>>> print(open('data21.txt').read())   # compact mmCIF, C-alpha atoms
# COMPACT_ATOMS: atom_id res chain seq x y z
CA MET F 235 16.05 -202.13 203.25
CA THR F 236 16.27 -199.73 200.30
CA MET F 237 17.39 -200.86 196.90
CA THR F 238 20.63 -198.86 197.22
CA ASN F 239 21.65 -201.09 200.14
CA LEU F 240 21.11 -204.36 198.26
CA ASP F 241 24.17 -206.29 197.14
CA ASP F 242 24.75 -207.34 193.51
CA HIS F 243 23.66 -210.90 194.21
CA THR F 244 20.27 -209.80 195.55
CA LEU F 245 19.71 -207.27 192.76
CA ILE F 246 20.45 -209.86 190.08
CA ILE F 247 18.17 -212.46 191.62
CA ASP F 248 15.40 -209.87 191.95
CA PHE F 249 15.91 -208.75 188.34
CA LYS F 250 15.88 -212.31 187.00
CA ASN F 251 12.75 -213.18 188.98
CA SER F 252 10.75 -210.00 188.53
CA GLY F 253 12.24 -208.25 185.50
CA ARG F 254 12.09 -204.99 187.43
CA ALA F 255 14.19 -202.46 185.52
CA GLU F 256 15.16 -200.57 188.68
CA CYS F 257 17.23 -203.58 189.83
CA PHE F 258 19.38 -203.43 186.70
CA ALA F 259 19.38 -199.63 186.82
CA ARG F 260 20.88 -199.84 190.31
CA LEU F 261 23.71 -201.98 188.90
CA PHE F 262 24.25 -199.39 186.18
CA VAL F 263 24.46 -196.61 188.77
CA ARG F 264 26.85 -198.71 190.83
CA TYR F 265 29.22 -199.66 187.99
CA GLY F 266 28.62 -197.22 185.10
CA ARG F 267 31.40 -194.81 186.05
CA ARG F 268 33.88 -197.62 186.58
CA ILE F 269 33.08 -199.10 183.18
CA PHE F 270 33.41 -195.62 181.66
CA ALA F 271 36.86 -195.24 183.26
CA LEU F 272 37.90 -198.60 181.87
CA ALA F 273 36.62 -197.76 178.38
CA TYR F 274 38.13 -194.27 178.47
CA ALA F 275 41.52 -195.69 179.45
CA PHE F 276 41.21 -198.02 176.49
CA HIS F 277 40.06 -195.52 173.84
CA ARG F 278 41.05 -192.09 175.19
CA GLU F 279 37.96 -190.63 173.56
CA ARG F 280 34.85 -189.71 175.52
CA GLY F 281 32.29 -190.55 172.84
CA GLN F 282 33.75 -193.99 172.19
CA ALA F 283 33.96 -194.68 175.93
CA GLU F 284 30.30 -193.72 176.36
CA ASP F 285 29.32 -195.99 173.47
CA CYS F 286 31.27 -198.84 175.06
CA VAL F 287 29.50 -198.31 178.40
CA GLN F 288 26.13 -198.46 176.67
CA GLU F 289 27.09 -201.58 174.70
CA THR F 290 28.53 -203.25 177.82
CA PHE F 291 25.32 -202.85 179.78
CA LEU F 292 23.21 -203.83 176.80
CA ARG F 293 25.18 -207.06 176.42
CA ALA F 294 25.01 -207.69 180.17
CA LEU F 295 21.25 -207.21 180.08
CA VAL F 296 20.82 -209.53 177.10
CA GLU F 297 23.15 -212.17 178.56
CA ILE F 298 22.19 -211.85 182.26
CA ASP F 299 20.96 -215.45 182.31
CA ARG F 300 24.53 -216.57 181.58
CA TYR F 301 25.67 -215.03 184.87
CA ASP F 302 25.38 -217.62 187.64
CA GLU F 303 24.65 -215.79 190.88
CA THR F 304 24.16 -219.09 192.71
CA VAL F 305 27.92 -219.78 192.78
CA PRO F 306 29.28 -218.29 196.03
CA THR F 307 32.44 -217.04 194.32
CA SER F 308 30.63 -215.38 191.42
CA ASN F 309 31.55 -211.72 191.01
CA PHE F 310 29.28 -209.47 188.97
CA TRP F 311 31.90 -206.72 188.68
CA ALA F 312 34.45 -209.15 187.22
CA TRP F 313 31.84 -210.50 184.79
CA LEU F 314 30.90 -206.97 183.73
CA GLN F 315 34.57 -206.02 183.32
CA THR F 316 35.09 -208.98 181.00
CA ILE F 317 32.16 -207.87 178.87
CA ALA F 318 33.49 -204.29 178.82
CA ARG F 319 36.97 -205.42 177.80
CA ASN F 320 35.51 -207.49 174.95
CA VAL F 321 33.33 -204.56 173.85
CA CYS F 322 36.37 -202.27 173.79
CA ILE F 323 38.43 -204.77 171.81
CA ASP F 324 35.56 -205.30 169.36
CA GLU F 325 35.28 -201.53 168.89
CA VAL F 326 39.00 -201.20 168.18
CA ARG F 327 38.77 -203.97 165.59
CA ARG F 328 35.72 -202.35 163.97
CA SER F 329 37.50 -198.99 163.89
CA GLN F 330 40.54 -200.56 162.25
CA ARG F 331 38.33 -202.22 159.62
CA ARG F 332 36.47 -198.96 159.01
CA ASN F 333 39.72 -197.01 158.67
CA ALA F 334 41.18 -199.58 156.28
CA PHE F 335 37.95 -199.54 154.29
CA ALA F 336 37.92 -195.73 154.20
CA GLU F 337 41.53 -195.65 153.01
CA GLU F 338 40.70 -198.17 150.33
CA LEU F 339 37.68 -196.11 149.26
CA ASN F 340 39.77 -192.94 149.15
CA PHE F 341 42.36 -194.74 147.04
CA ARG F 342 39.67 -196.11 144.74
CA ALA F 343 37.83 -192.77 144.59
CA ALA F 344 40.96 -191.11 143.29
CA SER F 345 41.05 -193.55 140.39
CA MET F 346 37.29 -194.06 140.05
CA THR F 347 35.76 -193.72 136.64
CA GLN F 348 32.54 -191.85 136.08
CA ASP F 349 30.67 -195.15 135.60
CA LYS F 350 31.89 -196.49 138.94
CA ALA F 351 30.92 -193.27 140.69
CA VAL F 352 27.41 -193.54 139.24
CA MET F 353 27.19 -197.19 140.37
CA LEU F 354 28.24 -196.21 143.89
CA VAL F 355 25.53 -193.52 144.02
CA GLU F 356 22.99 -196.09 142.81
CA LEU F 357 24.14 -198.64 145.42
CA ARG F 358 23.67 -196.08 148.19
CA ARG F 359 20.20 -195.22 146.83
CA GLN F 360 19.22 -198.89 146.78
CA LEU F 361 20.46 -199.39 150.34
CA ARG F 362 18.14 -196.60 151.49
CA LEU F 363 15.21 -198.46 149.88
CA LEU F 364 15.76 -201.59 151.98
CA SER F 365 13.69 -202.18 155.07
CA PRO F 366 15.39 -200.88 158.24
CA GLU F 367 16.06 -204.47 159.44
CA CYS F 368 17.64 -205.54 156.14
CA ARG F 369 19.71 -202.38 155.87
CA ARG F 370 20.90 -202.62 159.47
CA SER F 371 21.77 -206.33 159.11
CA TYR F 372 23.65 -205.72 155.88
CA LEU F 373 25.58 -202.73 157.19
CA MET F 374 26.42 -204.48 160.48
CA SER F 375 27.71 -207.45 158.48
CA ALA F 376 29.82 -205.13 156.35
CA ASP F 377 31.08 -203.57 159.58
CA GLY F 378 32.35 -206.94 160.77
CA TYR F 379 29.58 -208.09 163.10
CA SER F 380 28.98 -211.84 163.32
CA TYR F 381 25.53 -213.32 162.73
CA LYS F 382 25.20 -213.75 166.49
CA GLY F 383 26.13 -210.11 167.10
CA ILE F 384 23.57 -208.97 164.55
CA MET F 385 20.96 -211.27 166.08
CA ASN F 386 21.61 -209.82 169.55
CA ALA F 387 21.41 -206.25 168.29
CA THR F 388 18.33 -206.66 166.08
CA GLY F 389 16.35 -209.45 167.73
CA LEU F 390 16.15 -211.31 164.43
CA THR F 391 16.63 -215.07 164.08
CA THR F 392 19.63 -216.59 162.32
CA GLY F 393 17.55 -217.25 159.21
CA GLN F 394 16.19 -213.71 159.15
CA VAL F 395 19.71 -212.25 159.50
CA LYS F 396 21.05 -214.43 156.68
CA THR F 397 18.09 -213.54 154.46
CA SER F 398 18.50 -209.83 155.22
CA ILE F 399 22.16 -209.89 154.33
>>> encode(input="data21.txt", output="C-alpha cells")
Amino acid sequence: MTMTNLDDHTLIIDFKNSGRAECFARLFVRYGRRIFALAYAFHRERGQAEDCVQETFLRALVEIDRYDETVPTSNFWAWLQTIARNVCIDEVRRSQRRNAFAEELNFRAASMTQDKAVMLVELRRQLRLLSPECRRSYLMSADGYSYKGIMNATGLTTGQVKTSI
C-alpha cells in the first residue's frame, strides 16, 4: 500500500511512532488547499492566507501529541480546521493591534519633537543590537503573542522568554 492510500489515522500513528516527515507531508498535501480556502475566505488576501496555512501546519506539527488518534470518532480534518480558525482569528487580532499601533505612531509622529525622534532612532538601533532570540521574543511580545506562543515559535523556555523580554 502506498503512502497516498493511507488514511489520516494511519499516517498520524506512523508519524508519531517514526517521526517520518513524509507522513506529515502527506497530510499537508491532503489538506493544504482546503486550509488555504478557509484562510482565504477569512482574510481575502492571498499572502495572509498562505501565512495562515503555514502557521496552521506548524501548530499542528508542534501539538500533534495533543491529537488523540486512538478515539474512534477522532477527526483530523476537524482538529486541523479548529487550529486554522484560531490562527486566522489570532492574525486578525494582531493586524488590528498593528493598525491601531501604526495609527498611534502616525499621530505621535506628527507631534513628535526632535528629541523624541532621536530617542526612537536610538531605540531601533538598540533593538538591532540584541541577540536574535531576545529581539524576536521582545517584538513578538509587542505584537501581542503570549509567552506560550513565543515559546512555541522560538523553542525557548518560559524563563528564557521572560528574560528576553
>>> atom_distance(input="data21.txt", atom1="atom CA of F:Ser365", atom2="atom CA of F:Met385")
16.0 Å
>>> residues_around(input="data21.txt", residues="stretch 324-331 of chain F", least_positions_apart="5", cutoff="10 Å", atoms="only C-alpha atoms", output="PyMOL selection string")
chain F and resi 276-277+282-283+285-286+318-319+336-337+376-379
>>> axis_aligned_box(input="data21.txt", around="stretch 239-243 of chain F", padding_each_side="3 Å", output="lines of an AutoDock Vina configuration file")
center_x = 22.9
center_y = -206.0
center_z = 196.8
size_x = 9.6
size_y = 15.8
size_z = 12.6
>>> closest_residue(input="data21.txt", among="F:Leu354, F:Ala275, F:Leu373, F:Ala387", to="F:Glu289", atoms="all atoms listed in the file")
F:Ala387
>>> residues_near_point(input="data21.txt", point="(22.2, -214.4, 156.4)", cutoff="10 Å", atoms="all atoms listed in the file", output="PDB file with C-alpha atoms, in the frame of the given file")
ATOM      1  CA  CYS F 368      17.640-205.540 156.140  1.00  0.00           C
ATOM      2  CA  SER F 371      21.770-206.330 159.110  1.00  0.00           C
ATOM      3  CA  TYR F 372      23.650-205.720 155.880  1.00  0.00           C
ATOM      4  CA  SER F 375      27.710-207.450 158.480  1.00  0.00           C
ATOM      5  CA  TYR F 381      25.530-213.320 162.730  1.00  0.00           C
ATOM      6  CA  ILE F 384      23.570-208.970 164.550  1.00  0.00           C
ATOM      7  CA  THR F 391      16.630-215.070 164.080  1.00  0.00           C
ATOM      8  CA  THR F 392      19.630-216.590 162.320  1.00  0.00           C
ATOM      9  CA  GLY F 393      17.550-217.250 159.210  1.00  0.00           C
ATOM     10  CA  GLN F 394      16.190-213.710 159.150  1.00  0.00           C
ATOM     11  CA  VAL F 395      19.710-212.250 159.500  1.00  0.00           C
ATOM     12  CA  LYS F 396      21.050-214.430 156.680  1.00  0.00           C
ATOM     13  CA  THR F 397      18.090-213.540 154.460  1.00  0.00           C
ATOM     14  CA  SER F 398      18.500-209.830 155.220  1.00  0.00           C
ATOM     15  CA  ILE F 399      22.160-209.890 154.330  1.00  0.00           C
TER      16      ILE F 399
END
>>> closest_atom_pairs(input="data21.txt", of="stretch 283-390 of chain F", to="stretch 265-273 of chain F", cutoff="10 Å", atoms="only C-alpha atoms", output="tab-separated table")
residue	atom	partner	partner_atom	distance
F:Ala283	CA	F:Ala273	CA	4.8
F:Glu284	CA	F:Phe270	CA	6.4
F:Asp285	CA	F:Ala273	CA	9.0
F:Cys286	CA	F:Ala273	CA	6.4
F:Val287	CA	F:Phe270	CA	5.8
F:Gln288	CA	F:Gly266	CA	8.9
F:Thr290	CA	F:Ile269	CA	8.2
F:Phe291	CA	F:Gly266	CA	8.4
F:Phe310	CA	F:Tyr265	CA	9.9
F:Trp311	CA	F:Tyr265	CA	7.6
F:Leu314	CA	F:Ile269	CA	8.2
F:Gln315	CA	F:Ile269	CA	7.1
F:Ile317	CA	F:Ile269	CA	9.8
F:Ala318	CA	F:Ile269	CA	6.8
F:Arg319	CA	F:Ala273	CA	7.7
F:Val321	CA	F:Ala273	CA	8.8
F:Cys322	CA	F:Ala273	CA	6.4
F:Ile323	CA	F:Ala273	CA	9.8
>>> write_last_selection(input="data21.txt", atoms="C-alpha atoms", output="PDB file, in the frame of the given file")
ATOM      1  CA  ALA F 283      33.960-194.680 175.930  1.00  0.00           C
ATOM      2  CA  GLU F 284      30.300-193.720 176.360  1.00  0.00           C
ATOM      3  CA  ASP F 285      29.320-195.990 173.470  1.00  0.00           C
ATOM      4  CA  CYS F 286      31.270-198.840 175.060  1.00  0.00           C
ATOM      5  CA  VAL F 287      29.500-198.310 178.400  1.00  0.00           C
ATOM      6  CA  GLN F 288      26.130-198.460 176.670  1.00  0.00           C
ATOM      7  CA  THR F 290      28.530-203.250 177.820  1.00  0.00           C
ATOM      8  CA  PHE F 291      25.320-202.850 179.780  1.00  0.00           C
ATOM      9  CA  PHE F 310      29.280-209.470 188.970  1.00  0.00           C
ATOM     10  CA  TRP F 311      31.900-206.720 188.680  1.00  0.00           C
ATOM     11  CA  LEU F 314      30.900-206.970 183.730  1.00  0.00           C
ATOM     12  CA  GLN F 315      34.570-206.020 183.320  1.00  0.00           C
ATOM     13  CA  ILE F 317      32.160-207.870 178.870  1.00  0.00           C
ATOM     14  CA  ALA F 318      33.490-204.290 178.820  1.00  0.00           C
ATOM     15  CA  ARG F 319      36.970-205.420 177.800  1.00  0.00           C
ATOM     16  CA  VAL F 321      33.330-204.560 173.850  1.00  0.00           C
ATOM     17  CA  CYS F 322      36.370-202.270 173.790  1.00  0.00           C
ATOM     18  CA  ILE F 323      38.430-204.770 171.810  1.00  0.00           C
TER      19      ILE F 323
END
>>> residues_around(input="data21.txt", residues="F:Thr304", least_positions_apart="4", cutoff="12 Å", atoms="all atoms listed in the file", output="list of chain:residue names")
F:Asp242, F:His243, F:Thr244, F:Ile246, F:Ile247, F:Asp299, F:Arg300, F:Ser308, F:Asn309, F:Phe310
>>> atom_distance(input="data21.txt", atom1="atom CA of F:Val263", atom2="atom CA of F:Asn239")
12.5 Å
>>> closest_residue(input="data21.txt", among="F:Thr316, F:Leu295, F:Pro306, F:Glu279", to="F:Arg254", atoms="all atoms listed in the file")
F:Leu295
